[in-house]
>>> print(open('model.csv').read())   # CSV, C-alpha atoms
chain,number,residue,atom,x,y,z
C,1,MET,CA,-83.7,-144.2,-77.9
C,2,ASN,CA,-83.1,-142.0,-74.9
C,3,LYS,CA,-86.1,-139.9,-75.6
C,4,LEU,CA,-88.4,-142.9,-75.5
C,5,ILE,CA,-87.5,-143.8,-71.9
C,6,VAL,CA,-89.2,-141.8,-69.2
C,7,THR,CA,-89.6,-142.3,-65.4
C,8,GLY,CA,-93.0,-141.3,-63.9
C,9,ILE,CA,-92.6,-140.3,-60.2
C,10,ASP,CA,-95.6,-140.2,-57.9
C,11,MET,CA,-94.8,-138.2,-54.8
C,12,ASN,CA,-97.3,-138.1,-52.0
C,13,ARG,CA,-97.4,-137.9,-48.2
C,14,HIS,CA,-96.9,-141.5,-47.5
C,15,HIS,CA,-94.6,-142.9,-50.3
C,16,MET,CA,-92.8,-142.1,-53.5
C,17,THR,CA,-93.3,-144.5,-56.4
C,18,ALA,CA,-91.2,-144.5,-59.6
C,19,VAL,CA,-92.0,-146.4,-62.8
C,20,THR,CA,-89.6,-146.4,-65.7
C,21,LEU,CA,-91.1,-147.3,-69.1
C,22,MET,CA,-89.8,-147.5,-72.7
C,23,ARG,CA,-91.9,-147.2,-75.9
C,24,GLN,CA,-92.4,-150.7,-77.4
C,25,LYS,CA,-94.0,-150.4,-80.8
C,26,GLN,CA,-97.6,-149.1,-80.1
C,27,SER,CA,-97.4,-150.0,-76.4
C,28,PHE,CA,-95.0,-149.6,-73.4
C,29,SER,CA,-92.5,-151.9,-71.8
C,30,LEU,CA,-91.5,-151.9,-68.1
C,31,ILE,CA,-87.8,-151.3,-67.3
C,32,ASP,CA,-88.0,-150.8,-63.6
C,33,PHE,CA,-90.2,-149.8,-60.7
C,34,ARG,CA,-89.4,-148.7,-57.1
C,35,ILE,CA,-91.4,-147.8,-54.1
C,36,PHE,CA,-90.0,-145.6,-51.2
C,37,GLN,CA,-91.8,-145.0,-48.0
C,38,SER,CA,-91.7,-141.3,-47.1
C,39,SER,CA,-90.1,-140.3,-43.8
C,40,GLY,CA,-91.6,-137.0,-42.6
C,41,ASN,CA,-94.0,-134.7,-44.4
C,42,ILE,CA,-92.7,-133.8,-47.8
C,43,PHE,CA,-95.7,-131.5,-48.3
C,44,PRO,CA,-95.6,-129.1,-45.3
C,45,GLU,CA,-98.3,-126.9,-46.8
C,46,ASN,CA,-100.5,-126.5,-49.9
C,47,GLU,CA,-98.8,-129.2,-52.0
C,48,VAL,CA,-95.5,-127.3,-52.0
C,49,LEU,CA,-92.6,-129.9,-51.8
C,50,ASP,CA,-90.1,-129.7,-48.9
C,51,TYR,CA,-86.8,-129.7,-50.8
C,52,GLN,CA,-84.6,-131.2,-48.0
C,53,ASN,CA,-87.0,-134.1,-47.4
C,54,ILE,CA,-87.4,-135.2,-51.0
C,55,VAL,CA,-84.2,-134.5,-52.9
C,56,LYS,CA,-82.2,-137.3,-51.2
C,57,LYS,CA,-84.8,-139.8,-52.2
C,58,LEU,CA,-84.8,-138.5,-55.7
C,59,ALA,CA,-81.0,-138.7,-55.9
C,60,GLU,CA,-81.2,-142.3,-54.7
C,61,LEU,CA,-83.8,-143.0,-57.3
C,62,ARG,CA,-81.6,-141.5,-60.0
C,63,LYS,CA,-78.7,-143.8,-59.2
C,64,GLY,CA,-80.9,-146.8,-60.0
C,65,LEU,CA,-82.1,-145.5,-63.4
C,66,PRO,CA,-80.7,-146.9,-66.7
C,67,PHE,CA,-77.5,-145.1,-67.8
C,68,PHE,CA,-78.2,-141.7,-69.5
C,69,SER,CA,-81.9,-142.0,-68.7
C,70,ARG,CA,-82.8,-138.9,-66.6
C,71,HIS,CA,-86.1,-137.8,-68.2
C,72,VAL,CA,-88.9,-137.8,-65.6
C,73,ALA,CA,-92.6,-136.9,-65.6
C,74,VAL,CA,-94.6,-135.8,-62.5
C,75,ALA,CA,-98.2,-134.8,-61.8
C,76,ILE,CA,-100.0,-132.4,-59.5
C,77,PRO,CA,-103.2,-133.3,-57.6
C,78,ASP,CA,-106.3,-132.0,-59.3
C,79,LEU,CA,-107.3,-130.2,-56.1
C,80,ALA,CA,-104.3,-127.9,-56.8
C,81,ILE,CA,-105.4,-127.3,-60.4
C,82,MET,CA,-107.6,-124.5,-61.6
C,83,SER,CA,-109.4,-125.2,-64.9
C,84,ARG,CA,-111.6,-122.9,-67.0
C,85,ILE,CA,-113.1,-122.8,-70.5
C,86,ILE,CA,-111.9,-119.5,-72.2
C,87,ARG,CA,-113.4,-118.0,-75.3
C,88,ILE,CA,-111.4,-115.5,-77.3
C,89,SER,CA,-111.7,-114.0,-80.8
C,90,PRO,CA,-109.5,-115.5,-83.6
C,91,GLN,CA,-105.9,-114.3,-83.4
C,92,ASN,CA,-103.3,-113.9,-86.2
C,93,SER,CA,-100.4,-115.8,-84.5
C,94,GLN,CA,-99.8,-118.4,-81.7
C,95,LEU,CA,-98.1,-115.7,-79.7
C,96,MET,CA,-101.2,-113.4,-79.9
C,97,GLU,CA,-103.4,-116.4,-79.1
C,98,ALA,CA,-101.4,-117.2,-76.0
C,99,LEU,CA,-101.5,-113.5,-74.8
C,100,ALA,CA,-105.2,-113.4,-75.4
C,101,VAL,CA,-105.8,-116.7,-73.4
C,102,TYR,CA,-103.6,-115.4,-70.6
C,103,GLN,CA,-105.4,-112.1,-70.4
C,104,ALA,CA,-108.9,-113.7,-70.5
C,105,PHE,CA,-107.9,-116.2,-67.8
C,106,SER,CA,-106.6,-113.5,-65.5
C,107,GLY,CA,-110.1,-112.1,-65.4
C,108,GLU,CA,-111.5,-115.5,-64.2
C,109,VAL,CA,-109.3,-116.1,-61.1
C,110,SER,CA,-108.3,-114.1,-58.1
C,111,LEU,CA,-104.6,-114.7,-58.4
C,112,SER,CA,-102.3,-112.8,-60.7
C,113,VAL,CA,-101.1,-114.6,-63.8
C,114,SER,CA,-97.5,-114.0,-62.6
C,115,GLU,CA,-98.3,-116.2,-59.6
C,116,LEU,CA,-99.5,-119.1,-61.8
C,117,ARG,CA,-98.1,-121.6,-64.3
C,118,LEU,CA,-100.6,-122.0,-67.2
C,119,ASP,CA,-101.1,-124.4,-70.1
C,120,TYR,CA,-104.1,-124.7,-72.4
C,121,THR,CA,-105.5,-126.8,-75.3
C,122,GLY,CA,-108.2,-126.1,-77.9
C,123,VAL,CA,-111.7,-127.5,-77.3
C,124,SER,CA,-114.8,-127.3,-79.4
C,125,ASP,CA,-116.1,-124.1,-77.7
C,126,GLY,CA,-112.8,-122.3,-77.0
C,127,PHE,CA,-109.7,-123.2,-74.9
C,128,ARG,CA,-109.4,-125.3,-71.8
C,129,VAL,CA,-106.9,-123.6,-69.5
C,130,TYR,CA,-105.2,-125.4,-66.7
C,131,ALA,CA,-103.3,-123.5,-64.0
C,132,ALA,CA,-101.5,-124.2,-60.8
C,133,ARG,CA,-99.8,-121.9,-58.3
C,134,LYS,CA,-96.2,-121.2,-59.4
C,135,ASP,CA,-94.7,-122.4,-56.1
C,136,VAL,CA,-96.5,-125.8,-56.4
C,137,VAL,CA,-95.0,-126.4,-59.8
C,138,GLU,CA,-91.6,-124.8,-59.1
C,139,SER,CA,-91.1,-126.8,-55.9
C,140,ARG,CA,-91.3,-130.0,-57.9
C,141,LEU,CA,-89.0,-128.8,-60.7
C,142,THR,CA,-86.4,-127.5,-58.2
C,143,ALA,CA,-86.3,-130.8,-56.3
C,144,LEU,CA,-86.0,-132.9,-59.5
C,145,ARG,CA,-83.3,-130.7,-60.9
C,146,GLY,CA,-81.5,-130.7,-57.5
C,147,ALA,CA,-81.3,-134.5,-57.9
C,148,ARG,CA,-79.9,-134.1,-61.4
C,149,LEU,CA,-83.0,-135.3,-63.1
C,150,LYS,CA,-84.6,-133.8,-66.2
C,151,PRO,CA,-88.3,-133.0,-65.8
C,152,ILE,CA,-90.1,-133.1,-69.2
C,153,LEU,CA,-93.7,-132.9,-68.1
C,154,VAL,CA,-95.7,-131.6,-65.2
C,155,ASP,CA,-99.2,-133.1,-65.6
C,156,THR,CA,-102.4,-133.5,-63.7
C,157,GLU,CA,-103.2,-136.8,-61.8
C,158,LYS,CA,-106.5,-137.0,-63.8
C,159,GLN,CA,-104.7,-137.1,-67.1
C,160,CYS,CA,-102.2,-139.8,-65.9
C,161,PHE,CA,-104.9,-142.0,-64.4
C,162,LEU,CA,-107.0,-141.8,-67.6
C,163,GLN,CA,-103.9,-142.5,-69.7
C,164,LEU,CA,-103.4,-145.8,-67.8
C,165,LEU,CA,-107.0,-146.7,-68.6
C,166,ILE,CA,-106.7,-145.8,-72.3
C,167,THR,CA,-103.5,-147.9,-72.6
C,168,ALA,CA,-105.1,-150.8,-70.8
C,169,MET,CA,-108.2,-150.8,-73.1
C,170,GLN,CA,-106.0,-150.7,-76.2
C,171,TYR,CA,-103.7,-153.5,-74.8
C,172,TYR,CA,-106.6,-155.8,-73.9
C,173,GLY,CA,-108.9,-154.8,-76.8
C,174,LYS,CA,-111.7,-153.7,-74.6
C,175,SER,CA,-114.0,-150.6,-74.4
C,176,GLU,CA,-116.3,-149.0,-71.9
C,177,GLN,CA,-114.2,-150.1,-69.0
C,178,VAL,CA,-114.1,-148.4,-65.6
C,179,LEU,CA,-110.8,-148.1,-63.7
C,180,ILE,CA,-111.1,-147.8,-59.9
C,181,GLU,CA,-108.1,-147.5,-57.4
C,182,VAL,CA,-108.6,-148.0,-53.7
C,183,ASN,CA,-105.6,-147.3,-51.5
C,184,ARG,CA,-104.8,-146.2,-48.0
C,185,THR,CA,-105.4,-142.5,-48.6
C,186,THR,CA,-107.5,-142.1,-51.7
C,187,ILE,CA,-110.2,-143.7,-53.9
C,188,ARG,CA,-110.1,-142.9,-57.7
C,189,LEU,CA,-112.6,-143.7,-60.4
C,190,GLY,CA,-112.1,-142.9,-64.1
C,191,VAL,CA,-113.8,-143.8,-67.4
C,192,MET,CA,-113.6,-142.7,-71.0
C,193,CYS,CA,-116.8,-142.2,-73.0
C,194,GLN,CA,-118.1,-139.9,-75.7
C,195,PRO,CA,-118.4,-137.0,-75.6
C,196,ASP,CA,-116.9,-136.6,-72.1
C,197,CYS,CA,-114.8,-138.5,-69.5
C,198,PHE,CA,-115.4,-139.0,-65.8
C,199,TYR,CA,-112.8,-138.8,-63.1
C,200,ARG,CA,-113.1,-138.3,-59.3
C,201,CYS,CA,-110.5,-138.7,-56.6
C,202,MET,CA,-111.7,-138.6,-53.0
C,203,PRO,CA,-109.5,-138.8,-49.8
C,204,GLN,CA,-110.2,-141.5,-47.2
C,205,SER,CA,-108.6,-143.0,-44.1
C,206,ALA,CA,-107.9,-146.7,-43.6
C,207,GLY,CA,-111.0,-147.2,-41.5
C,208,GLU,CA,-113.3,-149.8,-43.2
C,209,ASN,CA,-116.5,-147.9,-42.5
C,210,GLU,CA,-115.2,-144.7,-43.9
C,211,TYR,CA,-113.7,-146.1,-47.1
C,212,SER,CA,-116.9,-148.0,-47.7
C,213,ALA,CA,-118.9,-144.7,-47.3
C,214,VAL,CA,-116.5,-142.8,-49.5
C,215,LEU,CA,-116.6,-145.5,-52.2
C,216,ALA,CA,-120.4,-145.4,-52.1
C,217,GLN,CA,-120.5,-141.6,-52.5
C,218,LEU,CA,-118.1,-141.8,-55.4
C,219,MET,CA,-120.0,-144.5,-57.2
C,220,ASN,CA,-123.3,-142.6,-56.6
C,221,GLU,CA,-121.8,-139.6,-58.5
C,222,PHE,CA,-120.6,-142.0,-61.2
C,223,LEU,CA,-124.1,-143.5,-61.6
C,224,GLN,CA,-125.5,-140.0,-62.0
C,225,PHE,CA,-123.0,-139.3,-64.8
C,226,CYS,CA,-123.9,-142.6,-66.4
C,227,ALA,CA,-127.6,-141.7,-66.4
C,228,VAL,CA,-126.9,-138.3,-68.0
C,229,GLN,CA,-124.5,-139.7,-70.6
C,230,ARG,CA,-126.5,-142.9,-71.1
C,231,PHE,CA,-123.4,-144.9,-70.5
C,232,GLN,CA,-123.4,-148.5,-69.4
C,233,PRO,CA,-120.0,-149.8,-68.1
C,234,ALA,CA,-118.9,-153.2,-69.5
C,235,GLY,CA,-116.7,-154.0,-66.6
C,236,VAL,CA,-114.5,-152.7,-63.8
C,237,TRP,CA,-110.7,-153.0,-63.4
C,238,LEU,CA,-110.0,-152.7,-59.7
C,239,ILE,CA,-106.6,-151.7,-58.3
C,240,GLU,CA,-106.7,-152.6,-54.7
C,241,ARG,CA,-104.6,-154.9,-52.4
C,242,ASN,CA,-106.7,-158.0,-51.7
C,243,ALA,CA,-109.7,-156.6,-53.7
C,244,LEU,CA,-111.8,-156.0,-50.5
C,245,SER,CA,-114.1,-153.6,-52.3
C,246,ALA,CA,-115.0,-155.9,-55.3
C,247,GLY,CA,-118.3,-157.1,-53.8
C,248,GLN,CA,-119.5,-153.5,-53.1
C,249,ILE,CA,-118.6,-152.3,-56.5
C,250,GLU,CA,-120.1,-155.2,-58.4
C,251,ALA,CA,-123.4,-155.0,-56.5
C,252,THR,CA,-123.6,-151.2,-57.2
C,253,LEU,CA,-122.5,-151.0,-60.8
C,254,GLN,CA,-124.0,-154.4,-61.9
C,255,CYS,CA,-121.0,-155.4,-64.0
C,256,PRO,CA,-118.0,-157.8,-63.6
C,257,VAL,CA,-115.1,-156.6,-61.4
C,258,VAL,CA,-111.6,-157.9,-62.1
C,259,LEU,CA,-108.5,-157.3,-60.0
C,260,PHE,CA,-106.1,-155.2,-62.1
C,261,HIS,CA,-102.3,-155.0,-61.7
C,262,PRO,CA,-101.1,-151.7,-63.3
C,263,LEU,CA,-97.8,-153.3,-64.4
C,264,SER,CA,-99.3,-156.5,-65.8
C,265,MET,CA,-99.7,-155.1,-69.4
C,266,LEU,CA,-96.1,-153.8,-69.2
C,267,GLY,CA,-94.2,-157.1,-69.1
C,268,LYS,CA,-94.5,-157.9,-65.4
C,269,ASN,CA,-96.8,-161.0,-65.1
C,270,THR,CA,-95.9,-162.3,-61.6
C,271,PHE,CA,-96.4,-160.5,-58.3
C,272,SER,CA,-95.1,-161.4,-54.9
C,273,ASP,CA,-97.1,-160.5,-51.7
C,274,ASP,CA,-94.5,-158.0,-50.5
C,275,GLU,CA,-94.5,-156.0,-53.8
C,276,GLU,CA,-97.1,-153.2,-53.5
C,277,THR,CA,-97.6,-152.9,-57.2
C,278,GLU,CA,-101.0,-151.4,-56.7
C,279,LEU,CA,-99.2,-148.2,-55.7
C,280,CYS,CA,-97.7,-147.9,-59.2
C,281,ALA,CA,-100.9,-146.8,-61.1
C,282,LEU,CA,-100.3,-143.0,-61.2
C,283,ALA,CA,-96.5,-143.3,-61.7
C,284,ALA,CA,-97.1,-145.7,-64.7
C,285,GLY,CA,-99.6,-143.2,-66.2
C,286,MET,CA,-97.1,-140.3,-65.7
C,287,SER,CA,-94.4,-142.3,-67.5
C,288,MET,CA,-96.8,-143.0,-70.4
C,289,ARG,CA,-97.8,-139.3,-70.7
C,290,GLY,CA,-94.1,-138.3,-70.6
C,291,ILE,CA,-93.2,-140.6,-73.4
C,292,ILE,CA,-96.2,-139.3,-75.5
C,293,ALA,CA,-95.1,-135.7,-74.7
C,294,ARG,CA,-91.5,-136.5,-76.0
C,295,GLU,CA,-92.9,-138.1,-79.1
C,296,GLU,CA,-95.6,-135.6,-80.0
C,297,GLY,CA,-94.0,-132.4,-78.6
C,298,TYR,CA,-96.9,-132.0,-76.2
C,299,ALA,CA,-99.3,-134.1,-74.2
C,300,ALA,CA,-102.9,-133.8,-75.4
C,301,CYS,CA,-105.5,-133.7,-72.7
C,302,CYS,CA,-108.1,-136.5,-72.4
>>> encode(input="model.csv", output="structure tokens")
Amino acid sequence: MNKLIVTGIDMNRHHMTAVTLMRQKQSFSLIDFRIFQSSGNIFPENEVLDYQNIVKKLAELRKGLPFFSRHVAVAIPDLAIMSRIIRISPQNSQLMEALAVYQAFSGEVSLSVSELRLDYTGVSDGFRVYAARKDVVESRLTALRGARLKPILVDTEKQCFLQLLITAMQYYGKSEQVLIEVNRTTIRLGVMCQPDCFYRCMPQSAGENEYSAVLAQLMNEFLQFCAVQRFQPAGVWLIERNALSAGQIEATLQCPVVLFHPLSMLGKNTFSDDEETELCALAAGMSMRGIIAREEGYAACC
């Protein structure tokens, strides 16, 4: 049972959110969620965690987890991720395949492979390689282990956000849905369609004029994607406190917009005004991806 309980931890510059889920048949069940406001900058430079600023919060979080449940999953912002399609000749073993992928990737980037942490997955025309600077990954692992937690997955925010969308569509029996998150610092939009998916995350400040302009830019990119893919969204799930952006989104995309609570499909059906559950989207997706990784032995990319 222990391997089916995972806590997703979303660490950013303003708050830390933790969502603990358990596998429940074909879906997931909420065990706990917590939101901590960050004091000081936990990312002094280039997405590298400040150990002293974060490890006490992580230790506090650990004390509230279910007994013997220490498995956690985290994610790295996509701006800190390098991604390439690599084509190599067939290899005789997985080891030789990995060496060939690493060698081919080293010729595509300016950094040495020794400075990076890599992962890859097979795609139709080769291998999709994901890489992040080693210090970005190691700073997260060091802080988690320093708090006596057991990291099982370091993922990308894109994969976690899209996993939340996939799970919601399966849970509600819907398809061709768009998931949009608007919060104080970022706006995200994700959608799954064949043969590709769409995901964008744009930074924004709390100013009404700026976030409206950023949202308009993001939706314009999405409409261009829809035109190329001949994709028509059936509806939008909006994660936003007070749903202030609903009118702008509905007018632009010409489809229904419904306020979406990330925890509503996980067994939490009532929400108080002081619970900022809209901040739990990424952490919930991280937990889902972590559970899948424990079950499958890996976390397949969307």
>>> residues_around(input="model.csv", residues="region 109-119 of chain C", least_positions_apart="6", cutoff="10 Å", atoms="all atoms listed in the file", output="VMD selection string")
chain C and resid 81 to 84 98 101 to 103 127 to 138 155
>>> atom_distance(input="model.csv", atom1="CA of Pro262 (chain C)", atom2="CA of Thr277 (chain C)")
7.1 Å
>>> closest_residue(input="model.csv", among="C:Glu97, C:Glu181, C:Glu210, C:Glu176", to="Phe161 (chain C)", atoms="only C-alpha atoms")
C:Glu181
>>> atom_distance(input="model.csv", atom1="CA of Ile291 (chain C)", atom2="CA of Gln163 (chain C)")
11.5 Å
>>> residues_near_point(input="model.csv", point="(-98.0, -147.7, -76.9)", cutoff="9 Å", atoms="only C-alpha atoms", output="NGL selection string")
:C and (23-29 or 167 or 170-171 or 288 or 292)
>>> closest_residue(input="model.csv", among="C:Ala104, C:Ala75, C:Val6, C:Cys226", to="Cys197 (chain C)", atoms="all atoms listed in the file")
C:Cys226
>>> residues_around(input="model.csv", residues="Leu153 (chain C)", least_positions_apart="4", cutoff="9 Å", atoms="all atoms listed in the file", output="ChimeraX atom specification")
/C:72-75,286,289-290,293-294,298-299
>>> write_last_selection(input="model.csv", atoms="C-alpha atoms", output="PDB file, in the coordinates of the input")
ATOM      1  CA  VAL C  72     -88.900-137.800 -65.600  1.00  0.00           C
ATOM      2  CA  ALA C  73     -92.600-136.900 -65.600  1.00  0.00           C
ATOM      3  CA  VAL C  74     -94.600-135.800 -62.500  1.00  0.00           C
ATOM      4  CA  ALA C  75     -98.200-134.800 -61.800  1.00  0.00           C
ATOM      5  CA  MET C 286     -97.100-140.300 -65.700  1.00  0.00           C
ATOM      6  CA  ARG C 289     -97.800-139.300 -70.700  1.00  0.00           C
ATOM      7  CA  GLY C 290     -94.100-138.300 -70.600  1.00  0.00           C
ATOM      8  CA  ALA C 293     -95.100-135.700 -74.700  1.00  0.00           C
ATOM      9  CA  ARG C 294     -91.500-136.500 -76.000  1.00  0.00           C
ATOM     10  CA  TYR C 298     -96.900-132.000 -76.200  1.00  0.00           C
ATOM     11  CA  ALA C 299     -99.300-134.100 -74.200  1.00  0.00           C
TER      12      ALA C 299
END
>>> atom_distance(input="model.csv", atom1="CA of Cys280 (chain C)", atom2="CA of Leu263 (chain C)")
7.5 Å
>>> residues_around(input="model.csv", residues="Pro256 (chain C)", least_positions_apart="6", cutoff="8 Å", atoms="all atoms listed in the file", output="number ranges by chain")
C: 234-236, 250
>>> residues_near_point(input="model.csv", point="(-96.4, -143.1, -54.6)", cutoff="9 Å", atoms="all atoms listed in the file", output="number ranges by chain")
C: 9-18, 35-37, 279-283
>>> write_last_selection(input="model.csv", atoms="C-alpha atoms", output="compact mmCIF listing (two decimals), keeping the file's coordinate frame")
# COMPACT_ATOMS: atom_id res chain seq x y z
CA ILE C 9 -92.60 -140.30 -60.20
CA ASP C 10 -95.60 -140.20 -57.90
CA MET C 11 -94.80 -138.20 -54.80
CA ASN C 12 -97.30 -138.10 -52.00
CA ARG C 13 -97.40 -137.90 -48.20
CA HIS C 14 -96.90 -141.50 -47.50
CA HIS C 15 -94.60 -142.90 -50.30
CA MET C 16 -92.80 -142.10 -53.50
CA THR C 17 -93.30 -144.50 -56.40
CA ALA C 18 -91.20 -144.50 -59.60
CA ILE C 35 -91.40 -147.80 -54.10
CA PHE C 36 -90.00 -145.60 -51.20
CA GLN C 37 -91.80 -145.00 -48.00
CA LEU C 279 -99.20 -148.20 -55.70
CA CYS C 280 -97.70 -147.90 -59.20
CA ALA C 281 -100.90 -146.80 -61.10
CA LEU C 282 -100.30 -143.00 -61.20
CA ALA C 283 -96.50 -143.30 -61.70
>>> closest_residue(input="model.csv", among="C:Leu61, C:Ser175, C:Thr7, C:Phe260", to="Leu30 (chain C)", atoms="all atoms listed in the file")
C:Thr7
>>> closest_residue(input="model.csv", among="C:Met22, C:Ala168, C:Val178, C:Met202", to="Leu79 (chain C)", atoms="all atoms listed in the file")
C:Met202
>>> closest_residue(input="model.csv", among="C:Leu266, C:Tyr120, C:Met219, C:Gly297", to="Gln254 (chain C)", atoms="all atoms listed in the file")
C:Met219
>>> closest_residue(input="model.csv", among="C:Asn242, C:Gln204, C:Ser124, C:Thr20", to="Arg62 (chain C)", atoms="all atoms listed in the file")
C:Thr20
